[in-house]
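Colleague: Structure file input-v6.txt, compact mmCIF, C-alpha atoms and all ligand atoms, is pasted below:
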# COMPACT_ATOMS: atom_id res chain seq x y z
CA MET A 1 30.87 -19.35 3.29
CA ALA A 2 28.65 -21.61 5.38
CA SER A 3 24.96 -21.71 4.50
CA ARG A 4 21.77 -23.09 5.91
CA ASP A 5 18.98 -24.35 3.79
CA GLY A 6 15.67 -26.10 4.12
CA ALA A 7 11.97 -25.45 4.01
CA PRO A 8 10.83 -21.92 4.94
CA ASP A 9 9.52 -23.17 8.29
CA ASP A 10 13.01 -24.40 9.25
CA PHE A 11 13.80 -20.71 9.73
CA GLY A 12 10.86 -19.99 12.02
CA SER A 13 7.70 -19.03 10.20
CA ALA A 14 7.55 -18.52 6.45
CA TYR A 15 6.17 -15.06 7.22
CA ARG A 16 9.21 -14.11 9.31
CA LEU A 17 11.68 -15.54 6.79
CA LEU A 18 10.15 -13.87 3.74
CA SER A 19 9.13 -10.58 5.31
CA THR A 20 12.62 -9.95 6.69
CA ALA A 21 14.48 -11.14 3.58
CA VAL A 22 12.31 -9.31 1.05
CA THR A 23 13.08 -5.80 2.24
CA PRO A 24 12.56 -2.93 2.05
CA ARG A 25 9.03 -3.33 0.74
CA PRO A 26 7.09 -0.42 -0.73
CA ILE A 27 3.95 0.46 1.15
CA GLY A 28 0.56 0.87 -0.48
CA TRP A 29 -1.56 2.94 1.89
CA ILE A 30 -4.95 1.78 0.71
CA SER A 31 -8.10 3.86 1.13
CA SER A 32 -11.50 2.40 0.39
CA ARG A 33 -15.14 3.00 1.23
CA SER A 34 -17.54 0.32 2.45
CA LYS A 35 -20.98 -0.12 0.92
CA ALA A 36 -22.35 1.44 4.10
CA GLY A 37 -20.17 4.53 3.51
CA VAL A 38 -17.43 3.99 6.12
CA ASP A 39 -14.04 5.22 4.92
CA ASN A 40 -11.18 2.81 5.54
CA LEU A 41 -7.43 3.35 5.43
CA ALA A 42 -4.72 0.71 6.01
CA PRO A 43 -1.10 0.02 4.99
CA TYR A 44 -0.16 -3.01 2.90
CA SER A 45 3.49 -3.80 2.19
CA PHE A 46 2.83 -6.89 0.13
CA PHE A 47 2.41 -4.27 -2.55
CA ASN A 48 3.92 -3.45 -5.92
CA VAL A 49 3.47 -2.45 -9.56
CA VAL A 50 2.55 -5.37 -11.80
CA ALA A 51 2.13 -3.89 -15.28
CA VAL A 52 2.18 -0.55 -17.07
CA ASP A 53 -0.01 -1.34 -20.10
CA PRO A 54 -2.58 -1.48 -18.64
CA PRO A 55 -1.21 0.20 -15.50
CA VAL A 56 -1.86 -2.33 -12.75
CA VAL A 57 -0.78 -2.44 -9.12
CA MET A 58 -1.23 -5.22 -6.56
CA PHE A 59 -1.53 -5.71 -2.84
CA ALA A 60 -2.05 -8.88 -0.85
CA PRO A 61 -4.10 -9.00 2.34
CA VAL A 62 -3.68 -12.09 4.50
CA GLY A 63 -6.95 -13.97 4.96
CA SER A 64 -9.08 -15.28 2.11
CA THR A 65 -12.21 -16.19 4.07
CA ASP A 66 -12.11 -13.95 7.15
CA LEU A 67 -11.44 -10.81 5.12
CA LYS A 68 -9.87 -7.65 6.49
CA ASP A 69 -11.87 -4.44 5.93
CA THR A 70 -9.89 -3.32 2.88
CA PRO A 71 -10.39 -6.47 0.78
CA ARG A 72 -14.00 -6.67 1.91
CA ASN A 73 -14.60 -3.12 0.67
CA VAL A 74 -12.77 -3.80 -2.59
CA ARG A 75 -14.84 -6.91 -3.18
CA GLU A 76 -18.06 -4.99 -2.47
CA THR A 77 -17.29 -1.85 -4.47
CA GLY A 78 -14.62 -2.89 -6.99
CA GLU A 79 -12.42 0.13 -6.25
CA PHE A 80 -9.73 1.59 -3.99
CA VAL A 81 -6.99 4.22 -3.89
CA VAL A 82 -3.27 3.66 -3.33
CA ASN A 83 -1.69 6.57 -1.43
CA THR A 84 2.09 6.91 -1.23
CA VAL A 85 3.74 7.25 2.18
CA SER A 86 6.38 9.93 2.53
CA ARG A 87 8.56 10.13 5.65
CA ASP A 88 6.41 12.82 7.30
CA LEU A 89 3.34 10.56 7.08
CA GLY A 90 5.07 7.48 8.55
CA ASP A 91 3.58 7.73 12.05
CA GLN A 92 0.08 8.31 10.73
CA MET A 93 0.42 5.43 8.27
CA HIS A 94 1.56 3.09 11.06
CA ALA A 95 -1.34 4.20 13.28
CA THR A 96 -3.85 3.25 10.59
CA SER A 97 -2.85 -0.41 10.92
CA ALA A 98 -4.83 -0.57 14.19
CA THR A 99 -7.85 -2.86 14.21
CA LEU A 100 -10.93 -0.72 14.73
CA GLY A 101 -14.53 -1.61 15.45
CA GLU A 102 -17.00 -1.95 12.62
CA GLY A 103 -18.26 1.44 11.53
CA GLU A 104 -15.14 3.28 12.74
CA SER A 105 -12.92 5.02 10.19
CA GLU A 106 -9.12 5.19 10.45
CA PHE A 107 -9.32 8.65 8.84
CA ASP A 108 -11.25 9.93 11.88
CA HIS A 109 -9.49 7.74 14.46
CA VAL A 110 -6.02 8.97 13.45
CA GLY A 111 -7.13 12.45 12.34
CA ILE A 112 -6.20 12.22 8.66
CA GLU A 113 -7.69 14.67 6.20
CA ARG A 114 -9.56 13.16 3.25
CA ALA A 115 -9.57 14.45 -0.32
CA GLU A 116 -12.16 13.46 -2.89
CA SER A 117 -11.23 11.19 -5.74
CA VAL A 118 -12.14 11.92 -9.35
CA VAL A 119 -13.18 8.57 -10.82
CA VAL A 120 -13.80 6.31 -7.83
CA ASP A 121 -15.87 6.88 -4.69
CA SER A 122 -13.13 5.96 -2.23
CA PRO A 123 -11.52 9.00 -0.61
CA ARG A 124 -7.78 9.57 -0.74
CA VAL A 125 -5.28 10.95 1.77
CA ALA A 126 -5.11 14.72 1.23
CA ALA A 127 -1.48 14.93 2.40
CA ALA A 128 -0.22 12.05 0.24
CA LYS A 129 2.17 13.34 -2.41
CA ALA A 130 0.85 10.84 -4.93
CA ALA A 131 -2.34 8.79 -5.05
CA PHE A 132 -3.64 6.34 -7.62
CA GLU A 133 -7.33 5.68 -8.06
CA CYS A 134 -7.87 2.02 -8.96
CA GLU A 135 -10.62 -0.21 -10.25
CA LEU A 136 -10.49 -3.91 -9.41
CA TYR A 137 -8.73 -5.74 -12.25
CA ASP A 138 -8.54 -9.22 -10.74
CA TRP A 139 -8.92 -11.05 -7.46
CA ILE A 140 -6.81 -14.17 -7.07
CA GLU A 141 -6.86 -16.39 -4.02
CA VAL A 142 -3.40 -17.62 -3.08
CA GLY A 143 -3.80 -20.11 -0.25
CA GLY A 144 -4.73 -18.10 2.83
CA SER A 145 -4.21 -14.72 1.17
CA VAL A 146 -5.77 -12.72 -1.63
CA LEU A 147 -3.87 -11.07 -4.43
CA ILE A 148 -5.79 -7.95 -5.42
CA LEU A 149 -4.92 -6.37 -8.74
CA GLY A 150 -6.11 -2.83 -9.44
CA GLU A 151 -6.01 -0.89 -12.69
CA VAL A 152 -4.95 2.71 -12.17
CA VAL A 153 -7.67 4.88 -13.71
CA HIS A 154 -6.60 8.25 -12.34
CA ALA A 155 -3.38 9.61 -10.83
CA HIS A 156 -2.84 12.54 -8.45
CA VAL A 157 0.67 13.93 -8.03
CA ASP A 158 1.44 16.94 -5.85
CA GLU A 159 3.05 19.73 -7.93
CA ASP A 160 5.67 20.08 -5.17
CA VAL A 161 7.24 16.73 -6.01
CA LEU A 162 7.41 17.35 -9.76
CA THR A 163 10.57 18.44 -11.52
CA ASP A 164 10.18 18.97 -15.27
CA GLY A 165 6.89 17.08 -15.09
CA GLN A 166 8.45 13.99 -13.52
CA ILE A 167 8.30 12.80 -9.92
CA ASP A 168 11.44 13.73 -8.06
CA ILE A 169 12.31 10.77 -5.80
CA GLU A 170 13.97 13.03 -3.23
CA SER A 171 10.82 15.12 -2.81
CA LEU A 172 8.50 12.11 -2.77
CA ASP A 173 10.61 10.81 0.15
CA THR A 174 8.84 7.45 0.40
CA VAL A 175 9.43 5.00 3.21
CA GLY A 176 9.63 1.21 2.95
CA ARG A 177 8.78 -1.49 5.43
CA LEU A 178 11.50 -3.66 6.90
CA SER A 179 10.20 -6.02 9.54
CA GLY A 180 7.63 -5.51 12.29
CA SER A 181 7.69 -1.83 13.23
CA GLN A 182 10.98 -1.14 11.43
CA TYR A 183 11.01 1.11 8.37
CA ALA A 184 13.62 2.40 5.95
CA SER A 185 13.77 5.87 4.55
CA THR A 186 14.87 6.45 0.96
CA ALA A 187 16.90 9.53 1.91
CA GLU A 188 20.24 7.89 1.18
CA ARG A 189 20.46 7.08 -2.50
CA PHE A 190 23.24 6.01 -4.83
CA GLY A 191 23.57 5.47 -8.55
CA ILE A 192 24.94 2.52 -10.49
CA ASP A 193 25.90 2.91 -14.14
CA ARG A 194 24.12 0.78 -16.72
CA PRO A 195 26.17 -2.23 -17.80
CA SER A 196 27.64 -1.71 -21.28
C1 LIG B 201 3.55 -1.09 7.21
C2 LIG B 201 2.53 -2.17 7.30
C3 LIG B 201 2.35 -3.04 6.24
C4 LIG B 201 1.36 -4.04 6.28
N1 LIG B 201 1.23 -4.89 5.22
C5 LIG B 201 0.27 -5.84 5.26
C6 LIG B 201 0.11 -6.71 4.13
O1 LIG B 201 0.78 -6.62 3.11
N2 LIG B 201 -0.88 -7.66 4.21
C7 LIG B 201 -1.70 -7.75 5.31
O2 LIG B 201 -2.60 -8.60 5.32
N3 LIG B 201 -1.54 -6.93 6.36
C8 LIG B 201 -0.60 -5.98 6.36
N4 LIG B 201 -0.45 -5.14 7.42
C9 LIG B 201 -1.40 -5.22 8.54
C10 LIG B 201 -2.68 -4.43 8.19
O3 LIG B 201 -2.38 -3.06 7.92
C11 LIG B 201 -3.65 -4.51 9.39
O4 LIG B 201 -4.08 -5.85 9.53
C12 LIG B 201 -4.83 -3.59 9.25
O5 LIG B 201 -5.57 -3.62 10.46
C13 LIG B 201 -5.75 -3.98 8.12
O6 LIG B 201 -6.74 -3.00 8.06
P1 LIG B 201 -8.14 -3.18 7.37
O7 LIG B 201 -8.86 -4.30 8.08
O8 LIG B 201 -8.77 -1.85 7.62
O9 LIG B 201 -7.90 -3.48 5.94
C14 LIG B 201 0.55 -4.17 7.44
C15 LIG B 201 0.76 -3.31 8.54
C16 LIG B 201 1.75 -2.33 8.48
C17 LIG B 201 1.95 -1.42 9.67
Would you give me this structure, written as structure tokens?
Ligand SMILES: Cc1cc2nc3c(=O)[nH]c(=O)nc-3n(C[C@H](O)[C@H](O)[C@H](O)COP(=O)(O)O)c2cc1C
Modeller:
Amino acid sequence: MASRDGAPDDFGSAYRLLSTAVTPRPIGWISSRSKAGVDNLAPYSFFNVVAVDPPVVMFAPVGSTDLKDTPRNVRETGEFVVNTVSRDLGDQMHATSATLGEGESEFDHVGIERAESVVVDSPRVAAAKAAFECELYDWIEVGGSVLILGEVVHAHVDEDVLTDGQIDIESLDTVGRLSGSQYASTAERFGIDRPS
């Protein structure tokens, strides 16, 4: 089989190469509250679980000096909430990636109902089937991006997605990001036996 190799930029931009090859990516729909009390909501697909003891998740906003609203809020308050995105919330999630004026909330702009959190001040998405309240664990600058690590201090899981006390993947129905405005559903699943 023929292959091409070289530096990431030989394939266009490093962003295009990596964000189309590393797919589908889970989406952390991050809610936060500014010091001034404005509620923010935005999707981040450079997102994942990092550790379970302590339970830590990460997301990575682009821009380490000219910060987006979410990282700015996290730096100011030290907290945020990760909301999961099920298929029925896909359009709303996508709409919250719009750039709004200062003082405007994506919750109000898109018409998304808030729910109160238990430990942190940041609101969460009422319709999200799972949400994880996080306290800032670490903030690591990686070139022109920031890697934000958050320790999960409280979890919300909708009873409807629980089977025998465990999250049922089919009910959670999460979506993943492909490239640009393309998403993947997790509706088609298959199993692979453990190697012996
Ligand atoms: C599905 C999806 C995933 C995204 N993932 C990221 C990401 O990982 N990092 C990033 O900097 N921007 C990402 N964006 C763009 C941000 O959501 C967008 O810049 C948004 O306006 C940031 O909002 P904020 O300033 O309120 O934080 C993503 C957009 C979409 C639609």
Colleague: Counting only C-alpha atoms, what are the residues of region 69-187 of chain A within 9 Å of region 31-36 of chain A, and for each of them which pair of atoms is the nearest and at what distance in Å, to one decimal? Sort the table by chain and rising number, as JSON lines.
Modeller:
{"residue": "A:Asp69", "atom": "CA", "partner": "A:Ser34", "partner_atom": "CA", "distance": 8.2}
{"residue": "A:Thr70", "atom": "CA", "partner": "A:Ser32", "partner_atom": "CA", "distance": 6.4}
{"residue": "A:Pro71", "atom": "CA", "partner": "A:Ser32", "partner_atom": "CA", "distance": 8.9}
{"residue": "A:Arg72", "atom": "CA", "partner": "A:Ser34", "partner_atom": "CA", "distance": 7.9}
{"residue": "A:Asn73", "atom": "CA", "partner": "A:Ser34", "partner_atom": "CA", "distance": 4.9}
{"residue": "A:Val74", "atom": "CA", "partner": "A:Ser32", "partner_atom": "CA", "distance": 7.0}
{"residue": "A:Glu76", "atom": "CA", "partner": "A:Lys35", "partner_atom": "CA", "distance": 6.6}
{"residue": "A:Thr77", "atom": "CA", "partner": "A:Lys35", "partner_atom": "CA", "distance": 6.8}
{"residue": "A:Glu79", "atom": "CA", "partner": "A:Ser32", "partner_atom": "CA", "distance": 7.1}
{"residue": "A:Phe80", "atom": "CA", "partner": "A:Ser32", "partner_atom": "CA", "distance": 4.8}
{"residue": "A:Val81", "atom": "CA", "partner": "A:Ser31", "partner_atom": "CA", "distance": 5.2}
{"residue": "A:Val82", "atom": "CA", "partner": "A:Ser31", "partner_atom": "CA", "distance": 6.6}
{"residue": "A:Asn83", "atom": "CA", "partner": "A:Ser31", "partner_atom": "CA", "distance": 7.4}
{"residue": "A:Gly103", "atom": "CA", "partner": "A:Ala36", "partner_atom": "CA", "distance": 8.5}
{"residue": "A:Asp121", "atom": "CA", "partner": "A:Arg33", "partner_atom": "CA", "distance": 7.1}
{"residue": "A:Ser122", "atom": "CA", "partner": "A:Ser32", "partner_atom": "CA", "distance": 4.7}
{"residue": "A:Pro123", "atom": "CA", "partner": "A:Ser31", "partner_atom": "CA", "distance": 6.4}
{"residue": "A:Arg124", "atom": "CA", "partner": "A:Ser31", "partner_atom": "CA", "distance": 6.0}
{"residue": "A:Val125", "atom": "CA", "partner": "A:Ser31", "partner_atom": "CA", "distance": 7.7}
Colleague: Residues contacting ligand LIG 201 (chain B) - anything with an atom at most 9 Å away, using only C-alpha atoms and all ligand atoms - can you give me those as a PyMOL selection string?
Modeller: chain A and resi 25-32+40-47+59-63+67-73+90+93-100+105-106+145-146+176-183
Colleague: List as a PDB file with C-alpha atoms, keeping the file's coordinate frame the protein and nucleic acid residues near Val119 (chain A), meaning an atom at most 8 Å away when all atoms listed in the file are counted, but skip any in the same chain fewer than 3 places from it.
Modeller:
ATOM      1  CA  GLU A 133      -7.330   5.680  -8.060  1.00  0.00           C
ATOM      2  CA  VAL A 153      -7.670   4.880 -13.710  1.00  0.00           C
ATOM      3  CA  HIS A 154      -6.600   8.250 -12.340  1.00  0.00           C
TER       4      HIS A 154
END
Colleague: Please determine, counting only C-alpha atoms, which residue among A:Met58, A:Ala131, A:Val85, A:Ala7 has the shortest atom-to-atom distance to Val175 (chain A).
Modeller: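 Smallest separation from Val175 (chain A) among the options: A:Val85.
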Colleague: Would you work out the distance separating CA of Lys129 (chain A) from CA of Thr174 (chain A), expressed in Å to one decimal?
Modeller: 9.3 Å
Colleague: What lies within 6 Å of Val57 (chain A) using all atoms listed in the file, ignoring chain neighbours under 4 positions off, as a PyMOL selection string?
Modeller: chain A and resi 48-50+149-150
Colleague: Please indicate the distance in Å from CA of Ser117 (chain A) to CA of Cys134 (chain A), rounded to one decimal place.
Modeller: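 Pair CA of Ser117 (chain A) / CA of Cys134 (chain A) returns 10.3 Å.
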Colleague: Could you give me, as a compact mmCIF listing (two decimals) with C-alpha atoms, in the frame of the given file, the residues that have an atom at most 12 Å away from the point (10.0, 10.7, -7.8) in the coordinates of the file, using all atoms listed in the file?
Modeller:
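As a result, result_29.txt now contains:
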# COMPACT_ATOMS: atom_id res chain seq x y z
CA THR A 84 2.09 6.91 -1.23
CA SER A 86 6.38 9.93 2.53
CA LYS A 129 2.17 13.34 -2.41
CA ALA A 130 0.85 10.84 -4.93
CA VAL A 157 0.67 13.93 -8.03
CA ASP A 158 1.44 16.94 -5.85
CA GLU A 159 3.05 19.73 -7.93
CA ASP A 160 5.67 20.08 -5.17
CA VAL A 161 7.24 16.73 -6.01
CA LEU A 162 7.41 17.35 -9.76
CA THR A 163 10.57 18.44 -11.52
CA ASP A 164 10.18 18.97 -15.27
CA GLY A 165 6.89 17.08 -15.09
CA GLN A 166 8.45 13.99 -13.52
CA ILE A 167 8.30 12.80 -9.92
CA ASP A 168 11.44 13.73 -8.06
CA ILE A 169 12.31 10.77 -5.80
CA GLU A 170 13.97 13.03 -3.23
CA SER A 171 10.82 15.12 -2.81
CA LEU A 172 8.50 12.11 -2.77
CA ASP A 173 10.61 10.81 0.15
CA THR A 174 8.84 7.45 0.40
CA THR A 186 14.87 6.45 0.96
CA ALA A 187 16.90 9.53 1.91
Colleague: What is the distance between CA of Glu102 (chain A) and CA of Val152 (chain A), in Å to one decimal?
Modeller: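 Those two atoms sit 28.0 Å apart.
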Colleague: Could you check the closest approach to Asp138 (chain A) for each of A:Ile112, A:Val22, A:Leu89, A:Val56 and tell me which residue wins, using all atoms listed in the file?
Modeller: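 Going through A:Ile112, A:Val22, A:Leu89, A:Val56 one by one, the smallest distance to Asp138 (chain A) is for A:Val56.
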Colleague: Would you mind putting all heavy atoms back on region 124-135 of chain A and writing the result as a tab-separated table (two decimals), in the frame of the given file?
Modeller:
chain	number	residue	atom	x	y	z
A	124	ARG	N	-9.23	9.76	-0.78
A	124	ARG	CA	-7.78	9.57	-0.74
A	124	ARG	C	-7.22	10.41	0.40
A	124	ARG	O	-7.95	11.21	1.01
A	124	ARG	CB	-7.14	9.92	-2.09
A	124	ARG	CG	-7.44	11.30	-2.57
A	124	ARG	CD	-7.07	11.48	-4.04
A	124	ARG	NE	-7.52	12.80	-4.49
A	124	ARG	CZ	-6.78	13.90	-4.43
A	124	ARG	NH1	-5.54	13.85	-3.97
A	124	ARG	NH2	-7.27	15.06	-4.81
A	125	VAL	N	-5.93	10.23	0.69
A	125	VAL	CA	-5.28	10.95	1.77
A	125	VAL	C	-4.84	12.31	1.22
A	125	VAL	O	-4.02	12.37	0.30
A	125	VAL	CB	-4.07	10.15	2.31
A	125	VAL	CG1	-3.29	10.97	3.33
A	125	VAL	CG2	-4.52	8.83	2.90
A	126	ALA	N	-5.40	13.38	1.77
A	126	ALA	CA	-5.11	14.72	1.23
A	126	ALA	C	-3.62	15.04	1.24
A	126	ALA	O	-3.11	15.66	0.31
A	126	ALA	CB	-5.90	15.77	2.02
A	127	ALA	N	-2.90	14.58	2.27
A	127	ALA	CA	-1.48	14.93	2.40
A	127	ALA	C	-0.55	14.01	1.61
A	127	ALA	O	0.66	14.26	1.56
A	127	ALA	CB	-1.08	14.91	3.87
A	128	ALA	N	-1.09	12.96	1.01
A	128	ALA	CA	-0.22	12.05	0.24
A	128	ALA	C	0.31	12.78	-1.00
A	128	ALA	O	-0.46	13.45	-1.70
A	128	ALA	CB	-0.99	10.80	-0.16
A	129	LYS	N	1.58	12.61	-1.27
A	129	LYS	CA	2.17	13.34	-2.41
A	129	LYS	C	1.79	12.72	-3.74
A	129	LYS	O	1.86	13.38	-4.78
A	129	LYS	CB	3.68	13.44	-2.23
A	129	LYS	CG	4.02	14.36	-1.06
A	129	LYS	CD	5.48	14.46	-0.76
A	129	LYS	CE	5.71	15.51	0.33
A	129	LYS	NZ	6.99	15.35	1.01
A	130	ALA	N	1.39	11.47	-3.71
A	130	ALA	CA	0.85	10.84	-4.93
A	130	ALA	C	-0.23	9.85	-4.51
A	130	ALA	O	-0.16	9.26	-3.43
A	130	ALA	CB	1.95	10.13	-5.71
A	131	ALA	N	-1.25	9.74	-5.33
A	131	ALA	CA	-2.34	8.79	-5.05
A	131	ALA	C	-2.87	8.27	-6.37
A	131	ALA	O	-2.96	9.02	-7.36
A	131	ALA	CB	-3.46	9.46	-4.25
A	132	PHE	N	-3.20	6.99	-6.39
A	132	PHE	CA	-3.64	6.34	-7.62
A	132	PHE	C	-5.01	5.71	-7.42
A	132	PHE	O	-5.16	4.80	-6.60
A	132	PHE	CB	-2.61	5.27	-8.04
A	132	PHE	CG	-1.23	5.86	-8.21
A	132	PHE	CD1	-0.25	5.68	-7.25
A	132	PHE	CD2	-0.95	6.66	-9.32
A	132	PHE	CE1	1.00	6.27	-7.40
A	132	PHE	CE2	0.30	7.25	-9.47
A	132	PHE	CZ	1.28	7.05	-8.51
A	133	GLU	N	-5.98	6.23	-8.14
A	133	GLU	CA	-7.33	5.68	-8.06
A	133	GLU	C	-7.35	4.38	-8.88
A	133	GLU	O	-6.89	4.36	-10.03
A	133	GLU	CB	-8.34	6.67	-8.63
A	133	GLU	CG	-8.39	7.97	-7.84
A	133	GLU	CD	-9.45	8.94	-8.35
A	133	GLU	OE1	-10.46	8.48	-8.94
A	133	GLU	OE2	-9.27	10.16	-8.16
A	134	CYS	N	-7.90	3.33	-8.30
A	134	CYS	CA	-7.87	2.02	-8.96
A	134	CYS	C	-9.24	1.38	-9.04
A	134	CYS	O	-10.06	1.52	-8.13
A	134	CYS	CB	-6.97	1.06	-8.17
A	134	CYS	SG	-5.25	1.57	-8.10
A	135	GLU	N	-9.45	0.65	-10.13
A	135	GLU	CA	-10.62	-0.21	-10.25
A	135	GLU	C	-10.13	-1.66	-10.22
A	135	GLU	O	-9.07	-1.96	-10.81
A	135	GLU	CB	-11.37	0.09	-11.56
A	135	GLU	CG	-12.06	1.45	-11.48
A	135	GLU	CD	-12.78	1.86	-12.77
A	135	GLU	OE1	-12.56	1.19	-13.80
A	135	GLU	OE2	-13.52	2.85	-12.71
